[in-house]
>>> print(open('start.cif').read())   # mmCIF, C-alpha atoms and all ligand atoms
data_protein
#
loop_
_atom_site.label_atom_id
_atom_site.label_comp_id
_atom_site.auth_asym_id
_atom_site.auth_seq_id
_atom_site.Cartn_x
_atom_site.Cartn_y
_atom_site.Cartn_z
CA MET A 1 -16.84 -10.90 -16.81
CA LEU A 2 -14.79 -13.78 -15.52
CA GLU A 3 -16.74 -16.43 -13.68
CA LYS A 4 -14.23 -19.23 -13.51
CA THR A 5 -10.64 -19.35 -12.45
CA ILE A 6 -8.38 -22.21 -13.45
CA THR A 7 -6.27 -23.89 -10.80
CA LYS A 8 -2.85 -25.43 -11.40
CA ASP A 9 -4.34 -28.90 -11.84
CA GLY A 10 -6.65 -27.56 -14.53
CA THR A 11 -9.92 -27.78 -12.65
CA ALA A 12 -12.27 -24.85 -12.92
CA GLN A 13 -12.86 -22.94 -9.70
CA ARG A 14 -15.22 -20.03 -9.42
CA TRP A 15 -14.44 -17.27 -6.95
CA GLN A 16 -17.85 -17.96 -5.43
CA ASP A 17 -16.54 -21.37 -4.31
CA PHE A 18 -14.39 -19.62 -1.69
CA VAL A 19 -17.23 -17.66 -0.10
CA VAL A 20 -18.67 -18.89 3.20
CA PRO A 21 -21.27 -17.45 5.59
CA GLN A 22 -19.65 -15.08 8.06
CA CYS A 23 -21.59 -16.70 10.94
CA TRP A 24 -21.29 -13.50 12.95
CA GLU A 25 -23.21 -15.15 15.82
CA ALA A 26 -20.32 -17.63 16.19
CA PHE A 27 -17.88 -14.89 17.25
CA THR A 28 -17.42 -15.18 21.01
CA ALA A 29 -17.38 -12.39 23.57
CA GLU A 30 -13.60 -12.82 23.63
CA ASP A 31 -13.42 -12.42 19.82
CA HIS A 32 -15.35 -9.16 20.06
CA ALA A 33 -13.12 -8.02 22.92
CA VAL A 34 -10.02 -8.74 20.80
CA TRP A 35 -11.47 -6.60 17.99
CA ASP A 36 -12.05 -3.78 20.46
CA VAL A 37 -8.47 -3.98 21.77
CA LEU A 38 -7.05 -4.04 18.25
CA PHE A 39 -9.29 -1.21 17.07
CA ALA A 40 -8.57 1.07 20.03
CA ARG A 41 -4.82 0.69 19.94
CA GLN A 42 -4.61 0.98 16.15
CA VAL A 43 -6.69 4.16 15.98
CA GLU A 44 -4.51 5.67 18.68
CA LEU A 45 -1.33 4.51 16.99
CA LEU A 46 -2.34 5.83 13.56
CA GLY A 47 -3.62 9.19 14.70
CA ALA A 48 -3.28 11.31 11.57
CA ARG A 49 -0.53 9.12 10.06
CA VAL A 50 -2.90 7.67 7.48
CA VAL A 51 -4.42 9.31 4.41
CA SER A 52 -7.51 11.23 5.44
CA PRO A 53 -10.05 9.25 3.35
CA PHE A 54 -9.13 6.22 5.46
CA LEU A 55 -10.30 8.01 8.60
CA ASP A 56 -13.43 9.21 6.77
CA GLY A 57 -14.15 5.58 5.86
CA ILE A 58 -13.79 4.43 9.47
CA ASP A 59 -16.44 6.96 10.47
CA LEU A 60 -18.71 6.37 7.51
CA LEU A 61 -18.74 2.59 8.00
CA ARG A 62 -19.13 2.97 11.77
CA LEU A 63 -16.17 0.69 12.38
CA SER A 64 -15.74 2.17 15.83
CA HIS A 65 -18.93 0.40 16.87
CA PRO A 66 -17.83 -2.21 19.47
CA GLY A 67 -17.18 -5.77 18.36
CA VAL A 68 -16.39 -7.54 15.10
CA PRO A 69 -18.44 -5.89 12.32
CA ASP A 70 -20.99 -8.03 10.55
CA VAL A 71 -20.69 -8.10 6.77
CA GLU A 72 -24.37 -7.33 6.22
CA GLY A 73 -24.08 -4.15 8.25
CA LEU A 74 -20.97 -3.10 6.32
CA ASN A 75 -22.59 -3.84 2.98
CA ALA A 76 -25.69 -1.85 3.90
CA ILE A 77 -23.46 1.24 3.93
CA LEU A 78 -20.68 0.31 1.47
CA THR A 79 -22.64 -1.14 -1.44
CA PRO A 80 -25.00 1.82 -2.02
CA ARG A 81 -21.99 4.14 -1.82
CA THR A 82 -19.40 2.57 -4.15
CA GLY A 83 -20.87 -0.73 -5.32
CA TRP A 84 -18.37 -2.79 -3.33
CA ARG A 85 -19.59 -5.81 -1.43
CA VAL A 86 -17.82 -7.64 1.38
CA VAL A 87 -17.98 -11.45 1.54
CA ALA A 88 -16.59 -13.83 4.16
CA VAL A 89 -13.90 -16.40 3.33
CA PRO A 90 -12.24 -18.98 5.59
CA GLY A 91 -8.66 -17.93 4.77
CA LEU A 92 -6.38 -16.74 2.00
CA VAL A 93 -7.97 -16.83 -1.45
CA PRO A 94 -5.75 -17.85 -4.41
CA ASP A 95 -4.62 -14.93 -6.54
CA ALA A 96 -6.79 -15.88 -9.53
CA ALA A 97 -9.97 -15.96 -7.46
CA PHE A 98 -8.92 -12.88 -5.48
CA PHE A 99 -8.38 -10.74 -8.59
CA ALA A 100 -11.62 -12.08 -10.09
CA MET A 101 -13.41 -10.91 -6.94
CA LEU A 102 -11.85 -7.45 -7.09
CA ALA A 103 -12.83 -7.15 -10.75
CA GLU A 104 -16.45 -7.49 -9.63
CA ARG A 105 -16.10 -5.18 -6.62
CA ILE A 106 -16.20 -8.06 -4.16
CA PHE A 107 -13.80 -7.91 -1.22
CA PRO A 108 -13.11 -11.10 0.77
CA VAL A 109 -12.70 -10.81 4.54
CA GLY A 110 -11.64 -13.60 6.89
CA ASN A 111 -14.41 -15.13 8.97
CA PHE A 112 -12.07 -15.36 11.98
CA ILE A 113 -10.04 -13.10 14.23
CA ARG A 114 -6.65 -13.63 15.87
CA THR A 115 -6.44 -14.50 19.55
CA ARG A 116 -5.35 -12.18 22.33
CA GLU A 117 -2.05 -14.06 22.47
CA GLN A 118 -1.43 -13.26 18.81
CA LEU A 119 -2.29 -9.56 18.66
CA ASP A 120 0.68 -8.84 16.40
CA TYR A 121 0.38 -12.01 14.35
CA LEU A 122 1.09 -11.23 10.70
CA GLU A 123 0.93 -14.41 8.65
CA ALA A 124 -2.74 -15.03 7.90
CA PRO A 125 -4.87 -11.96 7.29
CA ASP A 126 -7.81 -12.10 9.68
CA CYS A 127 -10.95 -9.98 9.77
CA PHE A 128 -9.16 -7.16 11.59
CA HIS A 129 -6.64 -6.78 8.79
CA ASP A 130 -9.31 -7.20 6.13
CA MET A 131 -12.05 -5.02 7.60
CA PHE A 132 -10.08 -2.34 9.43
CA GLY A 133 -7.27 -2.22 6.87
CA HIS A 134 -9.09 -2.50 3.55
CA ILE A 135 -12.74 -1.59 3.78
CA PRO A 136 -12.45 2.11 4.76
CA MET A 137 -10.68 2.97 1.49
CA LEU A 138 -13.29 1.09 -0.53
CA ALA A 139 -15.74 3.80 0.53
CA HIS A 140 -13.60 6.33 -1.42
CA HIS A 141 -15.07 6.50 -4.91
CA ASP A 142 -11.88 6.88 -6.93
CA PHE A 143 -9.86 4.40 -4.87
CA ALA A 144 -12.75 1.94 -5.11
CA GLU A 145 -12.59 2.24 -8.90
CA MET A 146 -8.82 1.77 -8.84
CA VAL A 147 -9.06 -1.47 -6.85
CA GLU A 148 -11.57 -2.85 -9.36
CA HIS A 149 -9.11 -1.90 -12.13
CA VAL A 150 -6.30 -3.75 -10.34
CA GLY A 151 -8.61 -6.78 -10.22
CA ARG A 152 -9.17 -6.59 -13.98
CA LEU A 153 -5.43 -6.21 -14.58
CA GLY A 154 -4.84 -9.21 -12.31
CA VAL A 155 -7.29 -11.39 -14.20
CA ALA A 156 -5.68 -10.41 -17.51
CA ALA A 157 -2.13 -10.84 -16.21
CA ILE A 158 -2.85 -14.30 -14.81
CA ALA A 159 -4.41 -15.33 -18.13
CA ALA A 160 -1.14 -14.24 -19.76
CA GLY A 161 0.95 -16.16 -17.22
CA GLU A 162 2.20 -12.91 -15.65
CA GLY A 163 0.20 -12.74 -12.44
CA ASP A 164 3.19 -11.55 -10.44
CA ARG A 165 3.15 -8.25 -12.32
CA ALA A 166 -0.35 -7.43 -11.14
CA ALA A 167 0.40 -8.76 -7.65
CA ARG A 168 3.26 -6.27 -7.35
CA ILE A 169 1.04 -3.37 -8.45
CA TYR A 170 -1.52 -4.43 -5.86
CA TRP A 171 1.09 -4.88 -3.16
CA HIS A 172 2.86 -1.55 -3.59
CA SER A 173 -0.39 0.44 -3.71
CA VAL A 174 -3.37 -1.20 -1.99
CA GLU A 175 -1.42 -3.21 0.56
CA PHE A 176 1.84 -1.39 1.42
CA GLY A 177 1.74 1.95 -0.38
CA LEU A 178 2.70 5.25 1.18
CA ALA A 179 1.49 8.62 -0.12
CA ARG A 180 2.17 12.25 0.59
CA GLU A 181 -0.62 14.45 1.80
CA GLY A 182 0.61 18.02 1.60
CA ASP A 183 4.08 17.95 3.15
CA GLU A 184 3.45 14.85 5.21
CA LEU A 185 4.18 11.22 4.50
CA LYS A 186 1.11 9.07 5.17
CA ILE A 187 0.10 5.45 5.20
CA LEU A 188 -2.06 4.36 2.30
CA GLY A 189 -1.82 0.56 2.28
CA ALA A 190 -4.05 -1.73 4.34
CA GLY A 191 -1.13 -3.90 5.43
CA LEU A 192 0.40 -0.85 7.11
CA ALA A 193 -2.81 0.74 8.38
CA SER A 194 -3.73 -2.49 10.20
CA SER A 195 -0.25 -3.32 11.54
CA PHE A 196 0.81 -2.26 15.01
CA GLY A 197 4.50 -2.82 14.33
CA GLU A 198 4.87 -1.72 10.74
CA ALA A 199 2.69 1.39 10.68
CA HIS A 200 5.30 3.53 12.40
CA SER A 201 8.39 1.85 11.00
CA SER A 202 7.17 2.32 7.42
CA LEU A 203 7.03 6.07 8.03
CA GLU A 204 9.86 6.58 10.49
CA SER A 205 12.43 3.80 10.30
CA GLU A 206 15.78 4.91 8.96
CA THR A 207 16.70 1.42 7.86
CA VAL A 208 14.10 0.98 5.12
CA GLU A 209 14.18 2.33 1.58
CA ARG A 210 11.50 4.73 0.38
CA LEU A 211 11.41 5.15 -3.37
CA PRO A 212 9.08 7.24 -5.55
CA PHE A 213 6.01 5.28 -6.66
CA SER A 214 5.43 4.61 -10.31
CA VAL A 215 3.64 1.68 -11.88
CA SER A 216 6.81 0.68 -13.73
CA ARG A 217 8.79 0.63 -10.49
CA ALA A 218 6.01 -1.22 -8.67
CA VAL A 219 5.95 -3.96 -11.32
CA LYS A 220 9.68 -4.49 -10.92
CA THR A 221 9.91 -4.27 -7.12
CA PRO A 222 9.67 -7.55 -5.21
CA TYR A 223 8.01 -7.72 -1.79
CA LYS A 224 7.94 -9.89 1.29
CA HIS A 225 4.86 -11.86 2.32
CA ASP A 226 5.82 -12.68 5.87
CA ALA A 227 8.07 -9.92 7.21
CA PHE A 228 8.27 -6.16 7.34
CA GLN A 229 8.96 -4.69 3.91
CA PRO A 230 12.54 -3.60 3.25
CA ARG A 231 11.30 -0.87 0.91
CA TYR A 232 8.16 1.16 0.30
CA LEU A 233 7.01 3.08 -2.73
CA VAL A 234 5.91 6.62 -1.97
CA SER A 235 3.37 8.36 -4.17
CA GLY A 236 3.18 12.14 -4.53
CA SER A 237 -0.44 11.88 -3.37
CA LEU A 238 -3.34 9.44 -3.14
CA ASP A 239 -4.74 10.96 -6.35
CA ARG A 240 -1.43 10.38 -8.14
CA THR A 241 -1.48 6.71 -7.15
CA ILE A 242 -5.02 6.39 -8.45
CA ALA A 243 -4.26 8.21 -11.71
CA GLU A 244 -1.11 6.13 -12.36
CA VAL A 245 -2.82 2.81 -11.71
CA MET A 246 -5.98 3.75 -13.62
CA GLY A 247 -3.77 4.69 -16.58
CA LEU A 248 -2.15 1.27 -16.65
CA THR A 249 -3.51 -0.89 -19.44
CA ARG A 250 -3.19 -4.66 -19.72
CA GLU A 251 -0.84 -4.20 -22.68
CA ARG A 252 1.44 -1.83 -20.81
CA LEU A 253 1.44 -4.00 -17.70
CA LEU A 254 2.62 -6.96 -19.75
CA ALA A 255 5.24 -4.86 -21.56
CA LEU A 256 6.81 -3.12 -18.54
FE FE A 301 -4.66 -7.23 2.69
#
>>> encode(input="start.cif", output="structure tokens")
Amino acid sequence: MLEKTITKDGTAQRWQDFVVPQCWEAFTAEDHAVWDVLFARQVELLGARVVSPFLDGIDLLRLSHPGVPDVEGLNAILTPRTGWRVVAVPGLVPDAAFFAMLAERIFPVGNFIRTREQLDYLEAPDCFHDMFGHIPMLAHHDFAEMVEHVGRLGVAAIAAGEGDRAARIYWHSVEFGLAREGDELKILGAGLASSFGEAHSSLESETVERLPFSVSRAVKTPYKHDAFQPRYLVSGSLDRTIAEVMGLTRERLLAL
């Protein structure tokens, strides 16, 4: 179990150092109203365009309850179910600490929400992206196990100086993956599920590439941090994504 992550200047930083109180009481009436606007329009936009366990997770975690969710309330449902625990962070967590969190079934969520003027703001993941996008799938037992595995791979890859390999696996599955469900193409990744602009374009745009998902392709496929993706990897099913990623060992990841 990894407790410390090493920063570029050599100082030891534990993932716990990034955790802050959520201070749910500090969210204003306007913050809660922004959540409600984002939630309502995203649920309508997604409809059935997302893998069905995502919608099950929304119901199970009662994310339709008005206002920004409080992490204690989420954890009261999530932790007994899959062992995952949500913690608040003030912003982006460095990859080393992020993967170390995932390896322990800890998911960091921003302690802030975008403003009404920035409803489609993409750069810094806020609590809408983190909670609406990510947490529903962490209530799915096999996906929850897969995300922990990605965390372990990330810790190992960073220790070997190959963190980008694990980041690409994470990106093309957990964040921006697509998956078939029967005959239909569905959103799997949180970055798509929580995005007003990219949810539809990932499925319907004729100007993006959609390539079959495999872990070897994911490791070799670059991605964009701050713009719509030019290409998406499409899995045959959610279960295929999980099986492929769970079958990826540290040794194979480093050899791909
Ligand atoms: Fe994310």
>>> residues_near_ligand(input="start.cif", ligand="ligand FE 301 (chain A)", cutoff="7 Å", atoms="all atoms listed in the file", output="list in words")
Pro125, His129, Asp130, His134, Glu175, Ala190 and Gly191 of chain A
>>> atom_distance(input="start.cif", atom1="CA of Phe196 (chain A)", atom2="CA of Val34 (chain A)")
13.9 Å
>>> residues_around(input="start.cif", residues="Tyr170 (chain A)", least_positions_apart="5", cutoff="9 Å", atoms="only C-alpha atoms", output="PyMOL selection string")
chain A and resi 147+150-151+154+165+175-176+218
>>> residues_around(input="start.cif", residues="region 178-188 of chain A", least_positions_apart="3", cutoff="7 Å", atoms="all atoms listed in the file", output="list in words")
Arg49, Val50, Val51, Leu192, Ala193, Leu203, Tyr232, Leu233, Val234, Ser235, Gly236, Ser237 and Leu238 of chain A
>>> residues_near_point(input="start.cif", point="(-0.6, 0.8, -14.3)", cutoff="9 Å", atoms="all atoms listed in the file", output="list in words")
Val150, Leu153, Ala166, Ile169, Ser214, Val215, Ser216, Ala218, Val219, Ala243, Glu244, Val245, Met246, Gly247, Leu248, Thr249, Arg250, Arg252 and Leu253 of chain A
>>> write_last_selection(input="start.cif", atoms="C-alpha atoms", output="compact mmCIF listing (two decimals), in the coordinates of the input")
# COMPACT_ATOMS: atom_id res chain seq x y z
CA VAL A 150 -6.30 -3.75 -10.34
CA LEU A 153 -5.43 -6.21 -14.58
CA ALA A 166 -0.35 -7.43 -11.14
CA ILE A 169 1.04 -3.37 -8.45
CA SER A 214 5.43 4.61 -10.31
CA VAL A 215 3.64 1.68 -11.88
CA SER A 216 6.81 0.68 -13.73
CA ALA A 218 6.01 -1.22 -8.67
CA VAL A 219 5.95 -3.96 -11.32
CA ALA A 243 -4.26 8.21 -11.71
CA GLU A 244 -1.11 6.13 -12.36
CA VAL A 245 -2.82 2.81 -11.71
CA MET A 246 -5.98 3.75 -13.62
CA GLY A 247 -3.77 4.69 -16.58
CA LEU A 248 -2.15 1.27 -16.65
CA THR A 249 -3.51 -0.89 -19.44
CA ARG A 250 -3.19 -4.66 -19.72
CA ARG A 252 1.44 -1.83 -20.81
CA LEU A 253 1.44 -4.00 -17.70
>>> atom_distance(input="start.cif", atom1="CA of Leu45 (chain A)", atom2="CA of Ser195 (chain A)")
9.6 Å
